[in-house]
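Asker: My structure is stored as start-v1.cif, with mmCIF, C-alpha atoms and all ligand atoms.
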data_my_file
loop_
_atom_site.group_PDB
_atom_site.id
_atom_site.type_symbol
_atom_site.label_atom_id
_atom_site.label_comp_id
_atom_site.auth_asym_id
_atom_site.auth_seq_id
_atom_site.Cartn_x
_atom_site.Cartn_y
_atom_site.Cartn_z
ATOM 1 C CA GLN A 23 -34.744 -30.505 36.826
ATOM 2 C CA LEU A 24 -33.520 -34.125 36.864
ATOM 3 C CA LYS A 25 -29.878 -34.756 36.149
ATOM 4 C CA LEU A 26 -27.593 -37.743 36.213
ATOM 5 C CA TYR A 27 -24.244 -37.407 37.923
ATOM 6 C CA TYR A 28 -21.497 -39.932 37.252
ATOM 7 C CA GLN A 29 -19.032 -41.663 39.535
ATOM 8 C CA PRO A 30 -16.226 -43.888 38.223
ATOM 9 C CA ILE A 31 -15.776 -47.522 39.231
ATOM 10 C CA THR A 32 -12.064 -48.160 39.170
ATOM 11 C CA ASP A 33 -9.857 -51.192 38.967
ATOM 12 C CA ALA A 34 -7.624 -51.018 42.024
ATOM 13 C CA GLU A 35 -5.071 -53.309 40.469
ATOM 14 C CA HIS A 36 -4.482 -51.746 37.084
ATOM 15 C CA THR A 37 -5.670 -48.269 38.015
ATOM 16 C CA ASN A 38 -8.028 -48.112 35.060
ATOM 17 C CA ILE A 39 -11.703 -47.182 34.934
ATOM 18 C CA LEU A 40 -14.012 -50.182 34.681
ATOM 19 C CA GLY A 41 -17.216 -48.250 34.435
ATOM 20 C CA TYR A 42 -19.415 -45.401 35.605
ATOM 21 C CA GLU A 43 -22.431 -45.346 37.846
ATOM 22 C CA ALA A 44 -25.224 -42.910 37.017
ATOM 23 C CA LEU A 45 -26.664 -41.288 40.157
ATOM 24 C CA MET A 46 -29.742 -39.126 39.932
ATOM 25 C CA ARG A 47 -30.077 -35.591 41.317
ATOM 26 C CA TRP A 48 -33.108 -33.335 41.404
ATOM 27 C CA HIS A 49 -32.383 -29.625 41.060
ATOM 28 C CA HIS A 50 -35.543 -28.135 42.526
ATOM 29 C CA PRO A 51 -36.113 -24.492 41.485
ATOM 30 C CA VAL A 52 -36.917 -23.450 45.064
ATOM 31 C CA LYS A 53 -35.520 -26.120 47.354
ATOM 32 C CA GLY A 54 -32.234 -26.568 45.488
ATOM 33 C CA LEU A 55 -30.441 -29.876 45.215
ATOM 34 C CA ILE A 56 -32.458 -32.886 46.410
ATOM 35 C CA MET A 57 -30.713 -36.234 46.864
ATOM 36 C CA PRO A 58 -32.141 -39.554 45.614
ATOM 37 C CA ASN A 59 -32.665 -41.015 49.089
ATOM 38 C CA ASP A 60 -35.117 -38.140 49.637
ATOM 39 C CA PHE A 61 -37.073 -38.333 46.371
ATOM 40 C CA ILE A 62 -36.847 -41.973 45.204
ATOM 41 C CA PRO A 63 -39.144 -43.253 48.010
ATOM 42 C CA ILE A 64 -41.718 -40.580 47.115
ATOM 43 C CA ALA A 65 -41.444 -41.459 43.432
ATOM 44 C CA GLU A 66 -42.046 -45.102 44.366
ATOM 45 C CA GLU A 67 -45.130 -44.227 46.399
ATOM 46 C CA THR A 68 -46.625 -42.048 43.686
ATOM 47 C CA GLY A 69 -45.786 -44.308 40.736
ATOM 48 C CA LEU A 70 -43.490 -41.684 39.166
ATOM 49 C CA ILE A 71 -40.594 -44.113 39.613
ATOM 50 C CA HIS A 72 -41.255 -45.611 36.167
ATOM 51 C CA MET A 73 -40.705 -42.215 34.602
ATOM 52 C CA LEU A 74 -37.424 -41.827 36.539
ATOM 53 C CA GLY A 75 -36.259 -45.299 35.493
ATOM 54 C CA ALA A 76 -37.006 -44.596 31.836
ATOM 55 C CA TYR A 77 -35.241 -41.232 32.061
ATOM 56 C CA ALA A 78 -32.138 -42.748 33.733
ATOM 57 C CA LEU A 79 -31.885 -45.432 31.032
ATOM 58 C CA TYR A 80 -32.334 -42.930 28.206
ATOM 59 C CA GLU A 81 -29.950 -40.328 29.588
ATOM 60 C CA ALA A 82 -27.226 -42.722 30.773
ATOM 61 C CA CYS A 83 -27.174 -44.502 27.403
ATOM 62 C CA ARG A 84 -27.099 -41.177 25.577
ATOM 63 C CA GLU A 85 -24.180 -39.899 27.614
ATOM 64 C CA ALA A 86 -22.321 -43.208 27.633
ATOM 65 C CA VAL A 87 -21.904 -42.925 23.876
ATOM 66 C CA SER A 88 -19.704 -39.852 24.157
ATOM 67 C CA TRP A 89 -17.397 -41.629 26.616
ATOM 68 C CA ALA A 90 -17.262 -44.723 24.453
ATOM 69 C CA GLY A 91 -14.600 -47.146 25.514
ATOM 70 C CA GLU A 92 -14.216 -50.405 27.307
ATOM 71 C CA GLN A 93 -16.207 -49.163 30.283
ATOM 72 C CA THR A 94 -19.680 -50.154 31.404
ATOM 73 C CA ILE A 95 -22.438 -47.767 32.408
ATOM 74 C CA SER A 96 -24.350 -48.729 35.557
ATOM 75 C CA VAL A 97 -27.934 -47.575 36.059
ATOM 76 C CA ASN A 98 -29.875 -47.980 39.316
ATOM 77 C CA LEU A 99 -33.399 -49.306 38.989
ATOM 78 C CA SER A 100 -36.046 -49.636 41.682
ATOM 79 C CA PRO A 101 -37.643 -53.030 42.379
ATOM 80 C CA MET A 102 -40.822 -51.371 41.086
ATOM 81 C CA ASP A 103 -39.254 -50.911 37.654
ATOM 82 C CA PHE A 104 -39.283 -54.713 37.375
ATOM 83 C CA HIS A 105 -43.062 -54.784 37.823
ATOM 84 C CA ASN A 106 -43.226 -53.498 34.276
ATOM 85 C CA PRO A 107 -43.129 -56.437 31.834
ATOM 86 C CA GLU A 108 -42.109 -53.950 29.121
ATOM 87 C CA LEU A 109 -38.827 -53.134 30.902
ATOM 88 C CA PRO A 110 -36.696 -55.474 28.718
ATOM 89 C CA VAL A 111 -38.193 -53.885 25.581
ATOM 90 C CA LEU A 112 -37.513 -50.408 26.951
ATOM 91 C CA ILE A 113 -33.886 -51.255 27.756
ATOM 92 C CA GLY A 114 -33.372 -52.906 24.366
ATOM 93 C CA ALA A 115 -34.802 -49.841 22.617
ATOM 94 C CA GLU A 116 -32.517 -47.412 24.498
ATOM 95 C CA LEU A 117 -29.433 -49.502 23.721
ATOM 96 C CA ALA A 118 -30.384 -49.701 20.050
ATOM 97 C CA ARG A 119 -31.255 -46.002 19.815
ATOM 98 C CA HIS A 120 -27.786 -45.063 21.054
ATOM 99 C CA GLY A 121 -25.897 -47.835 19.285
ATOM 100 C CA LEU A 122 -24.774 -49.539 22.490
ATOM 101 C CA ALA A 123 -24.337 -53.264 23.064
ATOM 102 C CA ALA A 124 -26.025 -55.165 25.886
ATOM 103 C CA ARG A 125 -22.641 -55.751 27.536
ATOM 104 C CA ASP A 126 -22.155 -51.960 27.866
ATOM 105 C CA LEU A 127 -24.944 -51.722 30.440
ATOM 106 C CA VAL A 128 -25.119 -52.874 34.062
ATOM 107 C CA VAL A 129 -28.470 -52.692 35.825
ATOM 108 C CA GLU A 130 -28.135 -52.224 39.592
ATOM 109 C CA MET A 131 -30.897 -53.375 41.905
ATOM 110 C CA THR A 132 -31.119 -53.707 45.672
ATOM 111 C CA GLU A 133 -31.949 -56.713 47.815
ATOM 112 C CA GLY A 134 -35.441 -55.214 48.194
ATOM 113 C CA ILE A 135 -36.202 -56.924 44.906
ATOM 114 C CA LEU A 136 -36.118 -60.282 46.728
ATOM 115 C CA LEU A 137 -38.944 -59.280 49.018
ATOM 116 C CA ASP A 138 -40.989 -57.936 46.146
ATOM 117 C CA GLY A 139 -44.258 -59.815 45.828
ATOM 118 C CA ASP A 140 -45.125 -58.691 42.296
ATOM 119 C CA PRO A 141 -45.611 -61.723 40.031
ATOM 120 C CA ASN A 142 -43.848 -60.020 37.089
ATOM 121 C CA THR A 143 -40.620 -59.191 38.909
ATOM 122 C CA GLN A 144 -38.733 -62.482 38.593
ATOM 123 C CA ALA A 145 -39.763 -63.040 34.987
ATOM 124 C CA THR A 146 -38.770 -59.486 34.009
ATOM 125 C CA LEU A 147 -35.420 -59.921 35.701
ATOM 126 C CA GLN A 148 -34.754 -63.128 33.776
ATOM 127 C CA ARG A 149 -35.718 -61.447 30.505
ATOM 128 C CA VAL A 150 -33.392 -58.502 31.149
ATOM 129 C CA HIS A 151 -30.619 -61.023 31.803
ATOM 130 C CA ALA A 152 -31.533 -62.914 28.617
ATOM 131 C CA LEU A 153 -30.800 -59.733 26.643
ATOM 132 C CA GLY A 154 -27.169 -60.062 27.761
ATOM 133 C CA ILE A 155 -27.366 -57.199 30.257
ATOM 134 C CA ARG A 156 -25.397 -57.635 33.458
ATOM 135 C CA LEU A 157 -27.271 -57.405 36.738
ATOM 136 C CA ALA A 158 -25.624 -56.112 39.910
ATOM 137 C CA MET A 159 -26.825 -56.511 43.492
ATOM 138 C CA ASP A 160 -26.333 -53.134 45.155
ATOM 139 C CA ASP A 161 -25.774 -52.456 48.887
ATOM 140 C CA PHE A 162 -24.872 -56.115 49.335
ATOM 141 C CA GLY A 163 -25.037 -57.323 52.917
ATOM 142 C CA THR A 164 -27.569 -54.837 54.251
ATOM 143 C CA GLY A 165 -31.007 -55.961 53.245
ATOM 144 C CA TYR A 166 -31.611 -59.657 53.250
ATOM 145 C CA SER A 167 -30.454 -62.462 55.467
ATOM 146 C CA SER A 168 -30.338 -65.357 53.007
ATOM 147 C CA LEU A 169 -27.583 -65.987 50.486
ATOM 148 C CA ALA A 170 -29.661 -68.570 48.616
ATOM 149 C CA TYR A 171 -30.582 -65.982 46.005
ATOM 150 C CA LEU A 172 -26.998 -65.946 44.776
ATOM 151 C CA ARG A 173 -27.761 -69.333 43.226
ATOM 152 C CA ARG A 174 -31.192 -68.408 41.917
ATOM 153 C CA LEU A 175 -30.754 -64.975 40.409
ATOM 154 C CA PRO A 176 -28.739 -64.291 37.258
ATOM 155 C CA ILE A 177 -26.426 -61.767 38.952
ATOM 156 C CA SER A 178 -22.943 -61.020 37.664
ATOM 157 C CA GLU A 179 -21.858 -58.365 40.164
ATOM 158 C CA LEU A 180 -22.148 -57.631 43.881
ATOM 159 C CA LYS A 181 -21.563 -54.197 45.334
ATOM 160 C CA LEU A 182 -20.266 -54.538 48.875
ATOM 161 C CA ASP A 183 -22.069 -51.955 50.979
ATOM 162 C CA LYS A 184 -20.191 -48.952 52.336
ATOM 163 C CA SER A 185 -21.017 -49.949 55.925
ATOM 164 C CA PHE A 186 -18.479 -52.791 55.630
ATOM 165 C CA ILE A 187 -15.850 -50.447 54.194
ATOM 166 C CA ASP A 188 -16.330 -47.805 56.912
ATOM 167 C CA ASP A 189 -15.099 -50.133 59.669
ATOM 168 C CA LEU A 190 -12.295 -51.913 57.839
ATOM 169 C CA GLU A 191 -9.464 -50.119 59.624
ATOM 170 C CA ARG A 192 -10.644 -50.618 63.190
ATOM 171 C CA ASP A 193 -12.794 -53.728 63.101
ATOM 172 C CA ALA A 194 -11.334 -57.190 62.493
ATOM 173 C CA SER A 195 -14.771 -58.703 61.853
ATOM 174 C CA SER A 196 -15.430 -56.191 59.046
ATOM 175 C CA ARG A 197 -12.142 -57.261 57.475
ATOM 176 C CA ALA A 198 -13.052 -60.925 57.907
ATOM 177 C CA LEU A 199 -16.433 -60.314 56.256
ATOM 178 C CA SER A 200 -15.042 -58.358 53.321
ATOM 179 C CA LYS A 201 -12.505 -61.122 52.743
ATOM 180 C CA ALA A 202 -15.143 -63.871 53.027
ATOM 181 C CA ILE A 203 -17.492 -62.051 50.641
ATOM 182 C CA LEU A 204 -14.660 -61.707 48.135
ATOM 183 C CA THR A 205 -14.002 -65.451 48.365
ATOM 184 C CA ILE A 206 -17.692 -66.227 47.779
ATOM 185 C CA CYS A 207 -17.776 -63.885 44.795
ATOM 186 C CA GLU A 208 -14.663 -65.405 43.288
ATOM 187 C CA SER A 209 -16.007 -68.929 43.573
ATOM 188 C CA LEU A 210 -19.320 -67.860 42.026
ATOM 189 C CA ASP A 211 -17.504 -65.903 39.307
ATOM 190 C CA LEU A 212 -19.098 -62.607 40.358
ATOM 191 C CA ARG A 213 -17.426 -59.240 40.045
ATOM 192 C CA VAL A 214 -17.394 -57.510 43.420
ATOM 193 C CA VAL A 215 -17.204 -53.738 43.725
ATOM 194 C CA ALA A 216 -16.337 -52.173 47.086
ATOM 195 C CA GLU A 217 -18.582 -49.141 47.576
ATOM 196 C CA GLY A 218 -17.843 -45.906 49.379
ATOM 197 C CA ILE A 219 -14.050 -46.033 49.670
ATOM 198 C CA GLU A 220 -12.980 -42.755 51.246
ATOM 199 C CA GLY A 221 -9.523 -43.397 52.654
ATOM 200 C CA GLU A 222 -6.161 -44.645 51.420
ATOM 201 C CA GLN A 223 -6.057 -47.129 54.288
ATOM 202 C CA GLN A 224 -9.382 -48.689 53.328
ATOM 203 C CA CYS A 225 -8.211 -48.941 49.747
ATOM 204 C CA GLU A 226 -4.979 -50.563 50.851
ATOM 205 C CA ILE A 227 -6.751 -53.187 52.988
ATOM 206 C CA LEU A 228 -9.122 -54.047 50.132
ATOM 207 C CA ARG A 229 -6.271 -54.171 47.664
ATOM 208 C CA ARG A 230 -4.369 -56.614 49.838
ATOM 209 C CA GLN A 231 -7.436 -58.757 50.279
ATOM 210 C CA GLY A 232 -7.583 -59.079 46.505
ATOM 211 C CA TYR A 233 -10.347 -56.638 45.556
ATOM 212 C CA HIS A 234 -10.188 -55.596 41.928
ATOM 213 C CA ALA A 235 -12.907 -52.988 41.751
ATOM 214 C CA GLY A 236 -13.873 -50.050 43.918
ATOM 215 C CA GLN A 237 -15.827 -46.844 43.967
ATOM 216 C CA GLY A 238 -15.755 -43.916 46.328
ATOM 217 C CA TYR A 239 -14.841 -40.339 47.114
ATOM 218 C CA LEU A 240 -11.167 -41.371 47.262
ATOM 219 C CA PHE A 241 -11.259 -41.654 43.462
ATOM 220 C CA SER A 242 -14.014 -39.181 42.669
ATOM 221 C CA ARG A 243 -17.315 -37.885 43.967
ATOM 222 C CA PRO A 244 -20.302 -38.180 41.630
ATOM 223 C CA LEU A 245 -19.845 -35.370 39.092
ATOM 224 C CA THR A 246 -22.017 -33.505 36.600
ATOM 225 C CA PRO A 247 -21.517 -34.674 33.000
ATOM 226 C CA ASP A 248 -19.319 -31.643 32.219
ATOM 227 C CA ALA A 249 -17.210 -32.032 35.348
ATOM 228 C CA PHE A 250 -16.988 -35.734 34.680
ATOM 229 C CA ALA A 251 -15.734 -35.172 31.132
ATOM 230 C CA ASP A 252 -13.045 -32.859 32.574
ATOM 231 C CA TRP A 253 -12.176 -35.472 35.188
ATOM 232 C CA LEU A 254 -11.786 -38.128 32.491
ATOM 233 C CA ARG A 255 -9.465 -35.886 30.487
ATOM 234 C CA ALA A 256 -7.434 -34.969 33.559
ATOM 235 C CA HIS A 257 -7.014 -38.591 34.548
ATOM 236 C CA GLU A 258 -6.181 -39.847 31.079
ATOM 237 C CA VAL A 259 -8.543 -42.781 31.074
ATOM 238 C CA GLY A 260 -6.854 -46.048 30.299
ATOM 239 C CA GLN A 261 -3.401 -44.556 30.780
ATOM 240 C CA GLY A 262 -3.038 -45.911 34.278
ATOM 241 C CA GLY A 263 -3.549 -42.538 35.856
ATOM 242 C CA VAL A 264 -6.804 -42.934 37.701
ATOM 243 C CA ALA A 265 -6.711 -44.522 41.100
ATOM 244 C CA PRO A 266 -4.468 -43.526 43.955
ATOM 245 C CA ALA A 267 -1.604 -45.994 44.168
ATOM 246 C CA CYS A 268 -2.492 -48.697 46.662
ATOM 247 C CA ALA A 269 0.719 -50.619 47.128
ATOM 248 C CA ALA A 270 0.378 -54.235 46.129
ATOM 249 C CA GLY A 271 1.449 -56.875 48.580
ATOM 250 C CA PRO A 272 0.336 -59.909 50.512
ATOM 251 C CA ASP A 273 -2.554 -59.629 52.923
ATOM 252 C CA PRO A 274 -1.102 -59.683 56.452
ATOM 253 C CA GLU A 275 -4.311 -61.347 57.651
ATOM 254 C CA ASP A 276 -4.088 -63.989 54.994
ATOM 255 C CA GLY A 277 -1.103 -65.853 56.378
ATOM 256 C CA GLY A 278 1.270 -63.810 54.255
HETATM 257 P P1 LIG B 301 -26.174 -46.526 45.545
HETATM 258 O O1 LIG B 301 -26.617 -46.999 44.203
HETATM 259 O O2 LIG B 301 -25.641 -47.523 46.491
HETATM 260 O O3 LIG B 301 -25.117 -45.398 45.229
HETATM 261 C C1 LIG B 301 -24.008 -45.122 46.037
HETATM 262 C C2 LIG B 301 -24.269 -43.915 46.918
HETATM 263 O O4 LIG B 301 -23.123 -43.673 47.748
HETATM 264 C C3 LIG B 301 -24.461 -42.635 46.135
HETATM 265 O O5 LIG B 301 -25.333 -41.814 46.901
HETATM 266 C C4 LIG B 301 -23.060 -42.035 46.103
HETATM 267 O O6 LIG B 301 -23.060 -40.644 45.913
HETATM 268 C C5 LIG B 301 -22.597 -42.394 47.481
HETATM 269 N N1 LIG B 301 -21.153 -42.514 47.583
HETATM 270 C C6 LIG B 301 -20.276 -42.972 46.651
HETATM 271 N N2 LIG B 301 -19.018 -42.977 47.132
HETATM 272 C C7 LIG B 301 -19.091 -42.519 48.403
HETATM 273 C C8 LIG B 301 -18.121 -42.283 49.429
HETATM 274 O O7 LIG B 301 -16.925 -42.515 49.269
HETATM 275 N N3 LIG B 301 -18.599 -41.801 50.617
HETATM 276 C C9 LIG B 301 -19.915 -41.536 50.823
HETATM 277 N N4 LIG B 301 -20.303 -41.055 52.001
HETATM 278 N N5 LIG B 301 -20.869 -41.748 49.882
HETATM 279 C C10 LIG B 301 -20.445 -42.238 48.688
HETATM 280 P P2 LIG B 301 -26.530 -41.025 46.210
HETATM 281 O O8 LIG B 301 -26.098 -40.501 44.884
HETATM 282 O O9 LIG B 301 -27.068 -40.084 47.213
HETATM 283 O O10 LIG B 301 -27.599 -42.169 45.936
HETATM 284 C C11 LIG B 301 -28.212 -42.860 46.970
HETATM 285 C C12 LIG B 301 -29.011 -44.028 46.470
HETATM 286 O O11 LIG B 301 -30.128 -43.601 45.697
HETATM 287 C C13 LIG B 301 -28.222 -44.927 45.532
HETATM 288 O O12 LIG B 301 -27.382 -45.770 46.281
HETATM 289 C C14 LIG B 301 -29.328 -45.640 44.789
HETATM 290 O O13 LIG B 301 -29.824 -46.734 45.541
HETATM 291 C C15 LIG B 301 -30.405 -44.569 44.720
HETATM 292 N N6 LIG B 301 -30.388 -43.958 43.373
HETATM 293 C C16 LIG B 301 -29.528 -43.069 42.848
HETATM 294 N N7 LIG B 301 -29.838 -42.764 41.574
HETATM 295 C C17 LIG B 301 -30.938 -43.511 41.267
HETATM 296 C C18 LIG B 301 -31.743 -43.676 40.083
HETATM 297 O O14 LIG B 301 -31.494 -43.088 39.015
HETATM 298 N N8 LIG B 301 -32.810 -44.543 40.171
HETATM 299 C C19 LIG B 301 -33.081 -45.245 41.322
HETATM 300 N N9 LIG B 301 -34.156 -46.074 41.344
HETATM 301 N N10 LIG B 301 -32.339 -45.124 42.438
HETATM 302 C C20 LIG B 301 -31.274 -44.271 42.417
HETATM 303 MG MG MG B 302 -25.978 -48.234 42.864
HETATM 304 MG MG MG B 303 -24.903 -49.114 47.057
#
Since I need it in another form, could you write the structure as structure tokens?
Ligand code: C2E
Ligand code: MG
Ligand code: MG
Answerer:
Amino acid sequence: QLKLYYQPITDAEHTNILGYEALMRWHHPVKGLIMPNDFIPIAEETGLIHMLGAYALYEACREAVSWAGEQTISVNLSPMDFHNPELPVLIGAELARHGLAARDLVVEMTEGILLDGDPNTQATLQRVHALGIRLAMDDFGTGYSSLAYLRRLPISELKLDKSFIDDLERDASSRALSKAILTICESLDLRVVAEGIEGEQQCEILRRQGYHAGQGYLFSRPLTPDAFADWLRAHEVGQGGVAPACAAGPDPEDGG
């Protein structure tokens, strides 16, 4: 009943695919399709989250093999998955089983992990990083008021939350924030992915600000593995045929 759907992360500059994010769906025999925001919290409360995390790692690695290329596969884990000191072993075993390298995988976590009181969490996180796996901070800008963790945690990617993207066209402070966050990420050598891009205008603003990576319905909704394979064929991955053309040019708000 559990399935992973996949959504591409695209490079707005070169119009290539940088990676895929695996997003879980629950096809309930009676209730139909249930979205992760409705079942992940219950899985966390009941302890079933560890089973979901293990399944997502297994299944995403298995499917990533058939799309082998330069792209990364991103898997979402709950802060609770980091309570398990065996998590690095589990991840290493899934990579090895499917013949993937550590650099093929990105583990996404949310800022909730910073408020997590479990004594194992920080050590597990460091050990996952030590395997060479990239860690991404998801929903950046929504959960936690301190930026100090950007120095402390071994993160290589930030995902700018959709709420910033939604207001880009009409709100100058959203544009100022997205630009400032990009500058921070560049100086810390972090990849930043803009999440939830739905419109050409949003894409254009981000492109002009210098964003190199984005994800959203404008490029593709999350798709079943079969539909995703069709999408990849139709868009000729790596042939420059993926993203809608966002005209390059200087940022009008950047003195240019
Ligand atoms: P997320 O990791 O931030 O994933 C992005 C969410 O935004 C996804 O919702 C995706 O379908 C949606 N999205 C992407 N582009 C657009 C867009 O252009 N417009 C709009 N309106 N939405 C867009 P989804 O799939 O419902 O997942 C929600 C959250 O559930 C995820 O947020 C993630 O935190 C969590 N989640 C998903 N799969 C898993 C999983 O396997 N394990 C765990 N622990 N959490 C998961
Ligand atoms: Mg995510
Ligand atoms: Mg997110």
Asker: Care to translate the PyMOL selection byres (((not hetatm)) within 9 of (chain B and resi 303)) into actual residues of this file, as a PyMOL selection string?
Answerer: chain A and resi 130-132+159-162+181-184+217-218
Asker: Can you measure CA of His50 in chain A to CA of Pro30 in chain A for me? One decimal in Å is fine.
Answerer: 25.3 Å
Asker: Show me which residues are within 6 Å of ligand LIG 301 (chain B) counting all atoms listed in the file, and format the list as number ranges by chain.
Answerer: A: 45-46, 57-59, 75, 78, 98-100, 160-161, 218-220, 237-239, 244
Asker: Give me, please, the distance in Å between CA of Val215 in chain A and CA of Met73 in chain A, quoted to one decimal.
Answerer: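 CA of Val215 in chain A sits 27.7 Å away from CA of Met73 in chain A.
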Asker: Show me, as an MDAnalysis selection string, the residues that have an atom within 10 Å of Leu137 in chain A when counting all atoms listed in the file, minus same-chain residues fewer than 6 positions from it.
Answerer: chainID A and resid 101 165:166
Asker: If you measure from CA of Leu204 in chain A to CA of Arg229 in chain A, what distance in Å do you get, rounded to one decimal?
Answerer: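 CA of Arg229 in chain A lies at a distance of 11.3 Å from CA of Leu204 in chain A.
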Asker: My list of candidates is A:Pro110, A:Ile206, A:Thr143, A:Ser200. Which is closest to Ala124 in chain A when distances are computed with all atoms listed in the file?
Answerer: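 Closest residue, counting all atoms listed in the file: A:Pro110.
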Asker: Which residue out of A:Glu133, A:Asp33, A:Asp103, A:Glu43 has the minimum interatomic distance to ligand MG 302 (chain B) when only C-alpha atoms and all ligand atoms are used?
Answerer: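 Answer, going by the shortest atom-to-atom distance: A:Glu43.
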Asker: Considering all atoms listed in the file, return as a list in words whatever protein or nucleic-acid residues lie within 12 Å of Ser178 in chain A, sequence-local ones (same chain, fewer than 2 positions apart) excluded.
Answerer: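 Those residues are Arg125, Leu127, Val128, Val129, Glu130, Met131, His151, Gly154, Ile155, Arg156, Leu157, Ala158, Met159, Asp160, Leu172, Arg173, Arg174, Leu175, Pro176, Leu180, Lys181, Cys207, Glu208, Leu210, Asp211, Leu212, Arg213, Val214 and Val215 of chain A.
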Asker: Kindly save the residues from that selection, with C-alpha atoms included, as a JSON list (two decimals), in the frame of the given file.
Answerer:
[["chain", "number", "residue", "atom", "x", "y", "z"],
["A", 125, "ARG", "CA", -22.64, -55.75, 27.54],
["A", 127, "LEU", "CA", -24.94, -51.72, 30.44],
["A", 128, "VAL", "CA", -25.12, -52.87, 34.06],
["A", 129, "VAL", "CA", -28.47, -52.69, 35.83],
["A", 130, "GLU", "CA", -28.14, -52.22, 39.59],
["A", 131, "MET", "CA", -30.90, -53.38, 41.90],
["A", 151, "HIS", "CA", -30.62, -61.02, 31.80],
["A", 154, "GLY", "CA", -27.17, -60.06, 27.76],
["A", 155, "ILE", "CA", -27.37, -57.20, 30.26],
["A", 156, "ARG", "CA", -25.40, -57.64, 33.46],
["A", 157, "LEU", "CA", -27.27, -57.40, 36.74],
["A", 158, "ALA", "CA", -25.62, -56.11, 39.91],
["A", 159, "MET", "CA", -26.82, -56.51, 43.49],
["A", 160, "ASP", "CA", -26.33, -53.13, 45.16],
["A", 172, "LEU", "CA", -27.00, -65.95, 44.78],
["A", 173, "ARG", "CA", -27.76, -69.33, 43.23],
["A", 174, "ARG", "CA", -31.19, -68.41, 41.92],
["A", 175, "LEU", "CA", -30.75, -64.97, 40.41],
["A", 176, "PRO", "CA", -28.74, -64.29, 37.26],
["A", 180, "LEU", "CA", -22.15, -57.63, 43.88],
["A", 181, "LYS", "CA", -21.56, -54.20, 45.33],
["A", 207, "CYS", "CA", -17.78, -63.88, 44.80],
["A", 208, "GLU", "CA", -14.66, -65.40, 43.29],
["A", 210, "LEU", "CA", -19.32, -67.86, 42.03],
["A", 211, "ASP", "CA", -17.50, -65.90, 39.31],
["A", 212, "LEU", "CA", -19.10, -62.61, 40.36],
["A", 213, "ARG", "CA", -17.43, -59.24, 40.04],
["A", 214, "VAL", "CA", -17.39, -57.51, 43.42],
["A", 215, "VAL", "CA", -17.20, -53.74, 43.72]]
Asker: For Gly121 in chain A, work out the shell of residues within 12 Å, counting all atoms listed in the file and skipping chain neighbours fewer than 5 positions away, then give it as a PyMOL selection string.
Answerer: chain A and resi 83-88+90+114-116+126-127
Asker: Find, counting only C-alpha atoms, the residue in A:Thr246, A:Asn142, A:Thr205, A:Ser185 that gets nearest to Tyr233 in chain A.
Answerer: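 For Tyr233 in chain A, the nearest of the candidates is A:Thr205.
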Asker: Can you work out which one of A:Pro51, A:Pro107, A:Glu179, A:Ile187 has the shortest atom-to-atom distance to ligand MG 302 (chain B), counting only C-alpha atoms and all ligand atoms?
Answerer: A:Glu179
